[in-house]
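K.L.:
Below: one structure in structure tokens.
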4 protein chains.
Amino acid sequence: MDPLNIGIIGMGRIGKIHADNLLRMPRVKLAAVSDLYADEALAQWAAERGVPVATRRSEDLLEDPDIQAVFICSHTDSHVPLIVAAAKAGKHIFCEKPISLDPARTKEALDAVREAGVKLQIGFNRRFDHNFERVRELVRAGRIGEPHLVKITSRDPSPPPEDYIAKSGGIFIDMTIHDFDMARYLIGGDIEEVYARGSVLVDPAFARYGDLDTAVITLKFAGGALGVIDNSRRAVYGYDQRVEVFGSAGSATVENDHPNTAEISTAEGVTRDKPLHFFLERYNEAYVKETRQFAESLLDGADVPVDGNDGLQAELAALAAKWSVRLGRGVKLRELGD
Amino acid sequence: MDPLNIGIIGMGRIGKIHADNLLRMPRVKLAAVSDLYADEALAQWAAERGVPVATRRSEDLLEDPDIQAVFICSHTDSHVPLIVAAAKAGKHIFCEKPISLDPARTKEALDAVREAGVKLQIGFNRRFDHNFERVRELVRAGRIGEPHLVKITSRDPSPPPEDYIAKSGGIFIDMTIHDFDMARYLIGGDIEEVYARGSVLVDPAFARYGDLDTAVITLKFAGGALGVIDNSRRAVYGYDQRVEVFGSAGSATVENDHPNTAEISTAEGVTRDKPLHFFLERYNEAYVKETRQFAESLLDGADVPVDGNDGLQAELAALAAKWSVRLGRGVKLRELGD
Amino acid sequence: MDPLNIGIIGMGRIGKIHADNLLRMPRVKLAAVSDLYADEALAQWAAERGVPVATRRSEDLLEDPDIQAVFICSHTDSHVPLIVAAAKAGKHIFCEKPISLDPARTKEALDAVREAGVKLQIGFNRRFDHNFERVRELVRAGRIGEPHLVKITSRDPSPPPEDYIAKSGGIFIDMTIHDFDMARYLIGGDIEEVYARGSVLVDPAFARYGDLDTAVITLKFAGGALGVIDNSRRAVYGYDQRVEVFGSAGSATVENDHPNTAEISTAEGVTRDKPLHFFLERYNEAYVKETRQFAESLLDGADVPVDGNDGLQAELAALAAKWSVRLGRGVKLRELGD
Amino acid sequence: MDPLNIGIIGMGRIGKIHADNLLRMPRVKLAAVSDLYADEALAQWAAERGVPVATRRSEDLLEDPDIQAVFICSHTDSHVPLIVAAAKAGKHIFCEKPISLDPARTKEALDAVREAGVKLQIGFNRRFDHNFERVRELVRAGRIGEPHLVKITSRDPSPPPEDYIAKSGGIFIDMTIHDFDMARYLIGGDIEEVYARGSVLVDPAFARYGDLDTAVITLKFAGGALGVIDNSRRAVYGYDQRVEVFGSAGSATVENDHPNTAEISTAEGVTRDKPLHFFLERYNEAYVKETRQFAESLLDGADVPVDGNDGLQAELAALAAKWSVRLGRGVKLRELGD
């Protein structure tokens, strides 16, 4: 069988992670990479890995008839036009989250995908984490009965630089978006209403951009199940990524991953090492799995595991959270209009 | 030194727990007990323990000049009149929570206490739990830096009978009230605003009384710290009582207590026994400590560890939660008026 | 029913623990205590608790026809003569471990007990610990299949004073004896052979008395199951009391008990408080249970939970360990002769 | 810089693991593989990975002047002649454990290595496990003070097939050898004496070959520290690989690794998934690290992390254990003669 030819648009940190993972897959060929700022270093990166094309023009990838799919890893503003162009060019698409900061534009992209009949997977990498997958499996198997409550703790080890904050779209679309998707994934249902409350406790820079760095978000799902997410931009002990689903027959929880299981007991107490530091350590394997499942969905005809609607729903929840803070009340997703 | 003479009004389950704990204290004498339904069984109970008086009339206790303090363990409606009467009689008071279902009446009771110059301790027993005490100690010692977030999981093993539900005052005043107090205790500050959202997922009986059985409550404290509480009336695996305080320098968490540390590994997995079943098991020692500290505050002149204002603040938070559900928005405690 | 009248011989620390536990039991009366060094302080101790007799003469207890049972908590040398005298006087007996340092003398005591037809319980308090009881229960229920291996970690927080070391009989009879009994209890079978190896690593004082402070002991049971015990006289992090039973269908383990479940995560790591400090904290409830079961065996006619042969078997294992160190080889219990 | 050319002799399971790990290393080239039973399948395996040579003759590798190092992954009997031949050919050597079943022959191999001035690393992969590395690091940093005791639990999920048992050399050389090395690694010192006791409890096949399937081994180190290892050929809950080092200032322990951190609480108890199943899962990363460190020692001139003497010492301990079982006493390594 011919290998699947894939191109990557946007060769920042996440583009390179996907590239390295694709390069290890036997039935996949990384045929081309593009980046607006492609330079000698990227050319060398490509040469060392046997990637034939490294270009500044994403069009080079979209116009190449041998390329069947593209990864869109460029900055958020470019996602919608690139999805539309790729769909028109008949390419299957893997796009990083969020699709856009505006649900109307996101829907435009999803329409283009639907019309073109191509596949679209959104980069919610956490769904592929071994811990969360196990909880989802237990929930789906009915081991906790009917889900009543999902709780998500999601804290970064340290805040991003100020210029990133300025353009991030705010904590809900930049950070909580993963948690909205995780909540939907674990419960297996849609969010109907969001209430959010936040503060600036970590870094006054967030206040300068009308943003928050600490937040608690309440969710209400169709059917009455509740959800709660807490976020912080700085957990000094490292990346804090825990979930719990509680239901009529029990509860499933996960703890953080640690670099080792060693525990030292001394006259001062019993101590173990901190959790894995950040997403590259914690979600290392999850990135591999998400890429593989995208490729397999193309090679073997399965559905993509995270689709465009999953992207849209998380964005709507983020928007509802933003409005909830402004209005001081719960906001229903259907209030956000069409 | 003469012993402290104490009387107990209301000899239901909780009255008897306090009685047994007082009976073991060397400097305390349990001088009398009263109950509206005092009968032969109670007389025998008293005789076996050497308690000289068992009566139907609480007045017998309040009029006895040798009794310095009373425990009010009768039904909620009677708390305010009994506090007022006891205060007027110059007795120190330990009163079970809540003081009343109406902050205006609670304030009336607190005024009477203030005027009489007697001590009043409210029965927030969880403050005396070894786990929560340790978290409070770590927070107070600055080990987690500035507190940003308090999280409380509080779930009962099974719902109360329907006739109890009918008169309970609702989940927030009956159940969450403990958690509101715990949040204040752990953070060391006052709740400013409450948002609550709930469902009936456990038992339709709750809906019949306009009540909820599953709830998520968001708190905002003076200074910007956030709080979140989740409640359920039924956790099939037993009493679920966990807290976390997260701050600028770290996080302090507690897990449930278990009856033993045994873990069995088989071909099916690794299993341990469920948490302690309910409050009698989990808070057994906490009840002893709260009673002892009340007695010591009288014997040694220390402040009571939980005072009337603590009772009022938790009741106001409960009321705010109730209004929040009705209004669909966050409710500030100061909106609740005077 | 008339209460059970009990006397205690030897009112050191352990005698007083038993006294306090007996005093709380409804069907038991602590009728008398004796101690070779009984003084004003003991008289006062007795008066405060309503114990009618406090004497220097153990004979006063043994000659009192109203006393049905005695606790022998005096120094080890006195155990055998007191057991013999008590048995002849028709008293049931609870005796602290070891019965003696010499199996021949121990057998003499057991013979006297048998002839008199009284009950004898040995003070292996650890059998009543909630953790070990749960493991025993799991083993007995077949949850781990056929037992293949029992592992016991048993370490004290700090070594005893030198004058105690001088008279202790050595680490195997003084400390490991509990572990020999625990191994028999958990496996539910008899030790056939013992190999022991040790060092002086904690305190050179042990070497001065030909003793060891660190030891590893291998056991072989009838049927082929193996056992291993490790001992240290000083674990700086506190009392270390863990067991594991491994078998054909799985493994059951217990961890130490901790004063609370609080865990603090900071930039330095994740820390919890040390285990409970020593036996008074760890085995507090176990002492209550062992005393209650002794009383119940007398009141209700049940067997005592730990009998004289249990005491003898543990002593024989200790002796075998001592010989094993001298001979550098495994020593069978049946080599120790009759 | 020119890459390091490596050949692998013996392409069974472990040979292929090393091959895959070497193939991912940038500065290394897998130049050739040999296997006595090389066939079409191996040729294809090599072709798919771009390995230029797949042969039945190990001589082809040893005679190739471009190959600087060989991995010896063939059956144990061939290790010594291959080490001698490779050393004479000036190749650096990575050899799987054990070097041989006979210390005299092992010394012969080590002599050849010394004379040729080549490097030799022994395949004690567990030293590279993230958990054990962390314990070693803590011990070396003095965090537990002076080591007094090392405890190793080492149990396989299921016994090998009978034909393997027949030729394995017995449990001590086949299985415990890893634990002897681990004990030396963790303590940082040499074993002086070994006592071993075992049974056949898992599978009567072991008895047919004079072998054991369950064992407890006591170690004595230079300086007086003690060690204890327990082995079983069948732990139904999976690979059980735990260690503890206890010392004058504390204790460092590790637990097993699990596939995830999920815990499910139901009315039946609290359950998590079993540990990782066997060495391929548990030591996956350790194999990568051991291979990389070998390559780096050649490329960068560092010492190999596990040398020939480490191999010899573990073999001597295994032999001492075998003799100990026969003689029923502790056996000193120096008794095993030269």
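Identifiers for the structure tokens are assigned positionally: chains receive A, B, ... in sequence, residues are indexed from 1 per chain, and ligands are indexed from 1 in the order shown.
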What's around segment 255-259 of chain C at 9 Å? Count only C-alpha atoms, leave out sequence neighbours fewer than 5 positions away in its own chain, and write the answer as a list of chain:residue names.
P.N.:
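These residues fall inside the cut-off: B:His130, B:Asn131, B:Asn260, B:Thr261, B:Ala262, B:Glu263, C:Asn131, C:Tyr239, C:Asp240, C:Gln241, C:Arg242, C:Val243, C:Arg272, C:Asp273, C:Lys274, C:Pro275, C:Leu276, C:His277, C:Arg282.
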K.L.:
Write down as a tab-separated table (two decimals) with N, CA, C and O atoms, in the first residue's frame the residues belonging to segment 58-226 of chain D that are assigned strand (DSSP E) by DSSP computed on the backbone.
P.N.:
chain	number	residue	atom	x	y	z
D	69	ALA	N	32.01	-2.14	17.68
D	69	ALA	CA	31.48	-2.75	18.91
D	69	ALA	C	30.42	-3.78	18.58
D	69	ALA	O	29.73	-3.67	17.56
D	70	VAL	N	30.32	-4.79	19.43
D	70	VAL	CA	29.28	-5.81	19.23
D	70	VAL	C	28.44	-5.99	20.50
D	70	VAL	O	28.93	-5.84	21.62
D	71	PHE	N	27.18	-6.29	20.26
D	71	PHE	CA	26.28	-6.71	21.34
D	71	PHE	C	26.20	-8.24	21.29
D	71	PHE	O	25.89	-8.80	20.23
D	72	ILE	N	26.47	-8.87	22.42
D	72	ILE	CA	26.38	-10.34	22.46
D	72	ILE	C	25.07	-10.71	23.16
D	72	ILE	O	24.91	-10.56	24.37
D	92	HIS	N	34.74	-3.41	21.06
D	92	HIS	CA	34.11	-3.17	22.35
D	92	HIS	C	32.87	-4.05	22.45
D	92	HIS	O	32.29	-4.44	21.44
D	93	ILE	N	32.49	-4.36	23.69
D	93	ILE	CA	31.49	-5.43	23.88
D	93	ILE	C	30.39	-5.01	24.85
D	93	ILE	O	30.66	-4.51	25.95
D	94	PHE	N	29.16	-5.27	24.43
D	94	PHE	CA	28.02	-5.24	25.34
D	94	PHE	C	27.54	-6.68	25.42
D	94	PHE	O	27.20	-7.28	24.40
D	95	CYS	N	27.53	-7.27	26.63
D	95	CYS	CA	27.14	-8.68	26.74
D	95	CYS	C	25.96	-8.83	27.72
D	95	CYS	O	25.97	-8.26	28.81
D	120	LEU	N	33.81	-3.37	28.12
D	120	LEU	CA	32.79	-4.42	28.27
D	120	LEU	C	31.69	-3.91	29.19
D	120	LEU	O	31.97	-3.53	30.33
D	121	GLN	N	30.49	-3.91	28.69
D	121	GLN	CA	29.34	-3.56	29.54
D	121	GLN	C	28.42	-4.77	29.65
D	121	GLN	O	28.16	-5.46	28.68
D	122	ILE	N	27.93	-5.00	30.88
D	122	ILE	CA	27.04	-6.15	31.12
D	122	ILE	C	25.60	-5.65	31.17
D	122	ILE	O	25.32	-4.58	31.70
D	147	PRO	N	23.74	3.51	54.77
D	147	PRO	CA	22.80	2.41	54.48
D	147	PRO	C	22.96	1.24	55.46
D	147	PRO	O	24.08	0.81	55.72
D	148	HIS	N	21.85	0.77	55.98
D	148	HIS	CA	21.85	-0.38	56.90
D	148	HIS	C	21.26	-1.63	56.26
D	148	HIS	O	21.59	-2.74	56.63
D	149	LEU	N	20.35	-1.42	55.32
D	149	LEU	CA	19.57	-2.56	54.82
D	149	LEU	C	19.04	-2.24	53.43
D	149	LEU	O	18.51	-1.15	53.20
D	150	VAL	N	19.18	-3.19	52.53
D	150	VAL	CA	18.53	-3.05	51.22
D	150	VAL	C	17.55	-4.21	51.07
D	150	VAL	O	17.87	-5.36	51.41
D	151	LYS	N	16.33	-3.89	50.63
D	151	LYS	CA	15.31	-4.93	50.44
D	151	LYS	C	14.84	-4.91	48.99
D	151	LYS	O	14.50	-3.85	48.47
D	152	ILE	N	14.81	-6.07	48.41
D	152	ILE	CA	14.41	-6.16	47.00
D	152	ILE	C	13.32	-7.20	46.85
D	152	ILE	O	13.49	-8.35	47.26
D	153	THR	N	12.21	-6.79	46.29
D	153	THR	CA	11.14	-7.70	45.90
D	153	THR	C	11.21	-7.87	44.40
D	153	THR	O	11.21	-6.88	43.68
D	154	SER	N	11.30	-9.11	43.95
D	154	SER	CA	11.48	-9.33	42.51
D	154	SER	C	10.73	-10.59	42.12
D	154	SER	O	11.14	-11.70	42.45
D	155	ARG	N	9.61	-10.39	41.48
D	155	ARG	CA	8.74	-11.52	41.15
D	155	ARG	C	8.27	-11.39	39.70
D	155	ARG	O	7.89	-10.31	39.27
D	191	ILE	N	28.97	-7.57	48.09
D	191	ILE	CA	28.36	-8.63	48.91
D	191	ILE	C	29.46	-9.54	49.43
D	191	ILE	O	30.31	-9.98	48.66
D	192	GLU	N	29.44	-9.81	50.73
D	192	GLU	CA	30.45	-10.71	51.31
D	192	GLU	C	29.90	-12.10	51.56
D	192	GLU	O	30.63	-13.07	51.47
D	193	GLU	N	28.61	-12.17	51.91
D	193	GLU	CA	28.06	-13.47	52.30
D	193	GLU	C	26.62	-13.58	51.85
D	193	GLU	O	25.89	-12.59	51.83
D	194	VAL	N	26.22	-14.79	51.50
D	194	VAL	CA	24.87	-15.04	51.02
D	194	VAL	C	24.27	-16.24	51.76
D	194	VAL	O	24.94	-17.25	51.94
D	195	TYR	N	23.01	-16.08	52.18
D	195	TYR	CA	22.26	-17.22	52.67
D	195	TYR	C	20.97	-17.28	51.86
D	195	TYR	O	20.32	-16.26	51.66
D	196	ALA	N	20.64	-18.48	51.39
D	196	ALA	CA	19.43	-18.60	50.58
D	196	ALA	C	18.59	-19.78	51.04
D	196	ALA	O	19.10	-20.80	51.49
D	197	ARG	N	17.28	-19.58	50.92
D	197	ARG	CA	16.34	-20.64	51.31
D	197	ARG	C	15.22	-20.56	50.30
D	197	ARG	O	14.78	-19.47	49.92
D	198	GLY	N	14.75	-21.72	49.84
D	198	GLY	CA	13.71	-21.67	48.82
D	198	GLY	C	12.78	-22.85	48.87
D	198	GLY	O	12.98	-23.80	49.64
D	199	SER	N	11.76	-22.79	48.04
D	199	SER	CA	10.75	-23.85	47.97
D	199	SER	C	10.26	-23.96	46.53
D	199	SER	O	10.50	-23.08	45.72
D	214	THR	N	10.52	-20.20	44.46
D	214	THR	CA	10.23	-19.20	45.49
D	214	THR	C	11.45	-19.17	46.39
D	214	THR	O	11.90	-20.22	46.83
D	215	ALA	N	11.98	-17.98	46.65
D	215	ALA	CA	13.22	-17.95	47.44
D	215	ALA	C	13.33	-16.67	48.25
D	215	ALA	O	12.78	-15.63	47.87
D	216	VAL	N	14.02	-16.81	49.37
D	216	VAL	CA	14.41	-15.65	50.18
D	216	VAL	C	15.91	-15.71	50.36
D	216	VAL	O	16.44	-16.77	50.73
D	217	ILE	N	16.58	-14.61	50.08
D	217	ILE	CA	18.04	-14.58	50.13
D	217	ILE	C	18.49	-13.44	51.05
D	217	ILE	O	18.04	-12.31	50.90
D	218	THR	N	19.34	-13.78	52.02
D	218	THR	CA	19.92	-12.77	52.92
D	218	THR	C	21.33	-12.45	52.46
D	218	THR	O	22.10	-13.36	52.13
D	219	LEU	N	21.68	-11.17	52.46
D	219	LEU	CA	23.02	-10.74	52.06
D	219	LEU	C	23.71	-10.05	53.22
D	219	LEU	O	23.05	-9.38	54.02
D	220	LYS	N	25.01	-10.20	53.28
D	220	LYS	CA	25.78	-9.36	54.19
D	220	LYS	C	26.85	-8.65	53.38
D	220	LYS	O	27.59	-9.27	52.62
D	221	PHE	N	26.90	-7.33	53.54
D	221	PHE	CA	27.86	-6.52	52.79
D	221	PHE	C	29.08	-6.22	53.65
D	221	PHE	O	29.01	-6.25	54.88
D	226	LEU	N	23.06	-5.11	55.69
D	226	LEU	CA	22.37	-6.36	55.36
D	226	LEU	C	21.51	-6.16	54.11
D	226	LEU	O	21.17	-5.03	53.75
K.L.:
Just want the 7 Å neighbourhood of segment 163-179 of chain A, counted on only C-alpha atoms, with same-chain residues fewer than 2 positions away dropped. Output as JSON, numbers by chain.
P.N.:
{"A": [101, 124, 152, 160, 161, 181, 182, 183, 206, 209, 211, 212, 213, 314, 315, 318, 321, 322]}
K.L.:
Using only C-alpha atoms, which chain D residues lie at most 8 Å away from chain B, written as a list of chain:residue names?
P.N.:
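Those within range of chain B come out as D:Val236, D:Tyr237, D:Gly238, D:Ser265, D:Thr266, D:Ala267, D:Glu268, D:Gly269, D:Val270, D:Thr271, D:Arg272, D:Asp273, D:Lys274.
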K.L.:
Output all heavy atoms of each residue in that selection to a file, as an mmCIF file, in the first residue's frame.
P.N.:
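Written out: part_31.cif:
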data_model
loop_
_atom_site.group_PDB
_atom_site.id
_atom_site.type_symbol
_atom_site.label_atom_id
_atom_site.label_comp_id
_atom_site.auth_asym_id
_atom_site.auth_seq_id
_atom_site.Cartn_x
_atom_site.Cartn_y
_atom_site.Cartn_z
ATOM 1 N N VAL D 236 0.614 -13.254 40.260
ATOM 2 C CA VAL D 236 -0.523 -13.212 39.325
ATOM 3 C C VAL D 236 -0.939 -11.784 38.964
ATOM 4 O O VAL D 236 -1.618 -11.568 37.959
ATOM 5 C CB VAL D 236 -1.764 -13.943 39.879
ATOM 6 C CG1 VAL D 236 -1.474 -15.418 40.064
ATOM 7 C CG2 VAL D 236 -2.242 -13.305 41.182
ATOM 8 N N TYR D 237 -0.548 -10.824 39.795
ATOM 9 C CA TYR D 237 -0.931 -9.429 39.541
ATOM 10 C C TYR D 237 0.100 -8.716 38.663
ATOM 11 O O TYR D 237 -0.030 -7.512 38.413
ATOM 12 C CB TYR D 237 -1.098 -8.680 40.873
ATOM 13 C CG TYR D 237 0.071 -8.866 41.807
ATOM 14 C CD1 TYR D 237 1.196 -8.067 41.698
ATOM 15 C CD2 TYR D 237 0.060 -9.875 42.766
ATOM 16 C CE1 TYR D 237 2.279 -8.251 42.530
ATOM 17 C CE2 TYR D 237 1.142 -10.069 43.607
ATOM 18 C CZ TYR D 237 2.244 -9.262 43.489
ATOM 19 O OH TYR D 237 3.324 -9.458 44.301
ATOM 20 N N GLY D 238 1.111 -9.422 38.201
ATOM 21 C CA GLY D 238 2.079 -8.814 37.294
ATOM 22 C C GLY D 238 3.450 -8.656 37.914
ATOM 23 O O GLY D 238 3.673 -8.986 39.079
ATOM 24 N N SER D 265 -13.809 4.107 42.789
ATOM 25 C CA SER D 265 -14.409 3.864 44.103
ATOM 26 C C SER D 265 -15.856 3.439 43.900
ATOM 27 O O SER D 265 -16.632 4.196 43.308
ATOM 28 C CB SER D 265 -14.403 5.151 44.938
ATOM 29 O OG SER D 265 -13.097 5.586 45.174
ATOM 30 N N THR D 266 -16.198 2.273 44.387
ATOM 31 C CA THR D 266 -17.578 1.819 44.272
ATOM 32 C C THR D 266 -18.015 1.262 45.624
ATOM 33 O O THR D 266 -17.268 1.318 46.597
ATOM 34 C CB THR D 266 -17.725 0.704 43.217
ATOM 35 O OG1 THR D 266 -17.071 -0.470 43.721
ATOM 36 C CG2 THR D 266 -17.084 1.105 41.892
ATOM 37 N N ALA D 267 -19.222 0.711 45.634
ATOM 38 C CA ALA D 267 -19.713 0.117 46.876
ATOM 39 C C ALA D 267 -18.844 -1.060 47.315
ATOM 40 O O ALA D 267 -18.891 -1.481 48.469
ATOM 41 C CB ALA D 267 -21.169 -0.322 46.703
ATOM 42 N N GLU D 268 -18.013 -1.590 46.406
ATOM 43 C CA GLU D 268 -17.183 -2.759 46.742
ATOM 44 C C GLU D 268 -15.792 -2.397 47.260
ATOM 45 O O GLU D 268 -15.099 -3.237 47.835
ATOM 46 C CB GLU D 268 -17.005 -3.653 45.508
ATOM 47 C CG GLU D 268 -18.147 -4.650 45.324
ATOM 48 C CD GLU D 268 -19.401 -3.919 44.878
ATOM 49 O OE1 GLU D 268 -19.281 -3.084 43.968
ATOM 50 O OE2 GLU D 268 -20.477 -4.147 45.474
ATOM 51 N N GLY D 269 -15.347 -1.181 46.998
ATOM 52 C CA GLY D 269 -14.010 -0.807 47.429
ATOM 53 C C GLY D 269 -13.392 0.170 46.459
ATOM 54 O O GLY D 269 -14.076 0.709 45.588
ATOM 55 N N VAL D 270 -12.096 0.383 46.631
ATOM 56 C CA VAL D 270 -11.367 1.330 45.788
ATOM 57 C C VAL D 270 -10.320 0.528 45.019
ATOM 58 O O VAL D 270 -9.503 -0.157 45.626
ATOM 59 C CB VAL D 270 -10.681 2.404 46.656
ATOM 60 C CG1 VAL D 270 -9.929 3.399 45.792
ATOM 61 C CG2 VAL D 270 -11.699 3.106 47.540
ATOM 62 N N THR D 271 -10.364 0.623 43.702
ATOM 63 C CA THR D 271 -9.551 -0.263 42.877
ATOM 64 C C THR D 271 -8.749 0.493 41.837
ATOM 65 O O THR D 271 -9.208 1.475 41.290
ATOM 66 C CB THR D 271 -10.465 -1.270 42.151
ATOM 67 O OG1 THR D 271 -11.206 -1.996 43.124
ATOM 68 C CG2 THR D 271 -9.673 -2.254 41.302
ATOM 69 N N ARG D 272 -7.528 0.017 41.605
ATOM 70 C CA ARG D 272 -6.762 0.545 40.476
ATOM 71 C C ARG D 272 -6.214 -0.605 39.649
ATOM 72 O O ARG D 272 -6.247 -1.757 40.066
ATOM 73 C CB ARG D 272 -5.640 1.480 40.929
ATOM 74 C CG ARG D 272 -4.556 0.821 41.758
ATOM 75 C CD ARG D 272 -3.509 1.859 42.166
ATOM 76 N NE ARG D 272 -3.032 2.541 40.969
ATOM 77 C CZ ARG D 272 -1.901 3.253 40.899
ATOM 78 N NH1 ARG D 272 -1.169 3.402 41.970
ATOM 79 N NH2 ARG D 272 -1.511 3.820 39.787
ATOM 80 N N ASP D 273 -5.738 -0.275 38.450
ATOM 81 C CA ASP D 273 -5.232 -1.325 37.569
ATOM 82 C C ASP D 273 -3.937 -1.924 38.107
ATOM 83 O O ASP D 273 -3.197 -1.291 38.844
ATOM 84 C CB ASP D 273 -5.020 -0.768 36.158
ATOM 85 C CG ASP D 273 -6.344 -0.489 35.461
ATOM 86 O OD1 ASP D 273 -7.332 -1.165 35.783
ATOM 87 O OD2 ASP D 273 -6.391 0.414 34.601
ATOM 88 N N LYS D 274 -3.689 -3.158 37.706
ATOM 89 C CA LYS D 274 -2.478 -3.877 38.110
ATOM 90 C C LYS D 274 -1.213 -3.161 37.646
ATOM 91 O O LYS D 274 -1.251 -2.356 36.727
ATOM 92 C CB LYS D 274 -2.490 -5.270 37.474
ATOM 93 C CG LYS D 274 -3.501 -6.211 38.035
ATOM 94 C CD LYS D 274 -3.402 -7.571 37.353
ATOM 95 C CE LYS D 274 -3.818 -7.531 35.887
ATOM 96 N NZ LYS D 274 -3.743 -8.859 35.259
#
K.L.:
When DSSP works through the backbone of this structure, what residues of segment 9-72 of chain C end up as helix (DSSP H, G or I), shown as a VMD selection string?
P.N.:
chain C and resid 13 to 23 40 to 49 58 to 62
K.L.:
Just to confirm, what's the straight-line distance from atom CA of Gly308 of chain D to atom CA of Leu110 of chain D in Å (one decimal)?
P.N.:
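If I compute the distance from atom CA of Gly308 of chain D to atom CA of Leu110 of chain D, I get 6.2 Å.
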K.L.:
For Arg57 of chain D, list every protein, DNA or RNA residue within 10 Å, evaluated using only C-alpha atoms, and leave out those in the same chain fewer than 4 positions away; present the list as a PDB file with C-alpha atoms, in the first residue's frame.
P.N.:
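Written output follows (part-v5.pdb):
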ATOM      1  CA  ILE D   9      25.197 -11.236  17.648  1.00  0.00           C
ATOM      2  CA  VAL D  33      23.329  -8.562  12.718  1.00  0.00           C
ATOM      3  CA  SER D  34      24.064 -12.261  13.030  1.00  0.00           C
ATOM      4  CA  ASP D  35      22.122 -15.211  14.291  1.00  0.00           C
ATOM      5  CA  LEU D  36      22.852 -18.943  14.117  1.00  0.00           C
ATOM      6  CA  TYR D  37      19.357 -19.417  12.764  1.00  0.00           C
ATOM      7  CA  ALA D  38      19.257 -16.390  10.460  1.00  0.00           C
ATOM      8  CA  LEU D  61      30.897  -9.118  12.272  1.00  0.00           C
ATOM      9  CA  LEU D  62      34.101  -9.726  14.190  1.00  0.00           C
TER      10      LEU D  62
END
K.L.:
Distance atom CA of Ala225 of chain C-atom CA of Glu146 of chain C, one decimal place?
P.N.:
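Interatomic distance, atom CA of Ala225 of chain C to atom CA of Glu146 of chain C: 9.0 Å.
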K.L.:
What's the 8 Å shell around Ala109 of chain A, counting only C-alpha atoms, without same-chain residues fewer than 3 positions away, as a list in words?
P.N.:
Val80, Pro81, Ile83, Val84, Arg105, Thr106, Ala112 and Val113 of chain A
K.L.:
Would you output that residue set with N, CA, C and O atoms, as an mmCIF file, in the first residue's frame?
P.N.:
data_model
loop_
_atom_site.group_PDB
_atom_site.id
_atom_site.type_symbol
_atom_site.label_atom_id
_atom_site.label_comp_id
_atom_site.auth_asym_id
_atom_site.auth_seq_id
_atom_site.Cartn_x
_atom_site.Cartn_y
_atom_site.Cartn_z
ATOM 1 N N VAL A 80 -8.727 29.432 10.125
ATOM 2 C CA VAL A 80 -9.918 29.362 9.278
ATOM 3 C C VAL A 80 -9.569 29.453 7.792
ATOM 4 O O VAL A 80 -9.960 28.592 7.011
ATOM 5 N N PRO A 81 -8.805 30.484 7.365
ATOM 6 C CA PRO A 81 -8.484 30.521 5.933
ATOM 7 C C PRO A 81 -7.746 29.269 5.460
ATOM 8 O O PRO A 81 -8.003 28.778 4.345
ATOM 9 N N ILE A 83 -7.965 26.191 6.764
ATOM 10 C CA ILE A 83 -8.910 25.062 6.705
ATOM 11 C C ILE A 83 -9.736 25.168 5.431
ATOM 12 O O ILE A 83 -9.910 24.188 4.686
ATOM 13 N N VAL A 84 -10.239 26.364 5.152
ATOM 14 C CA VAL A 84 -11.068 26.552 3.955
ATOM 15 C C VAL A 84 -10.267 26.194 2.701
ATOM 16 O O VAL A 84 -10.730 25.436 1.840
ATOM 17 N N ARG A 105 -16.915 32.318 12.596
ATOM 18 C CA ARG A 105 -15.853 31.962 11.653
ATOM 19 C C ARG A 105 -15.551 30.466 11.741
ATOM 20 O O ARG A 105 -15.246 29.833 10.733
ATOM 21 N N THR A 106 -15.606 29.919 12.917
ATOM 22 C CA THR A 106 -15.375 28.480 13.061
ATOM 23 C C THR A 106 -16.405 27.701 12.248
ATOM 24 O O THR A 106 -16.067 26.732 11.552
ATOM 25 N N ALA A 112 -17.021 24.566 5.150
ATOM 26 C CA ALA A 112 -16.120 24.260 4.035
ATOM 27 C C ALA A 112 -15.672 22.808 4.085
ATOM 28 O O ALA A 112 -15.589 22.122 3.056
ATOM 29 N N VAL A 113 -15.398 22.336 5.283
ATOM 30 C CA VAL A 113 -14.970 20.942 5.456
ATOM 31 C C VAL A 113 -16.086 19.991 5.030
ATOM 32 O O VAL A 113 -15.862 19.002 4.319
#
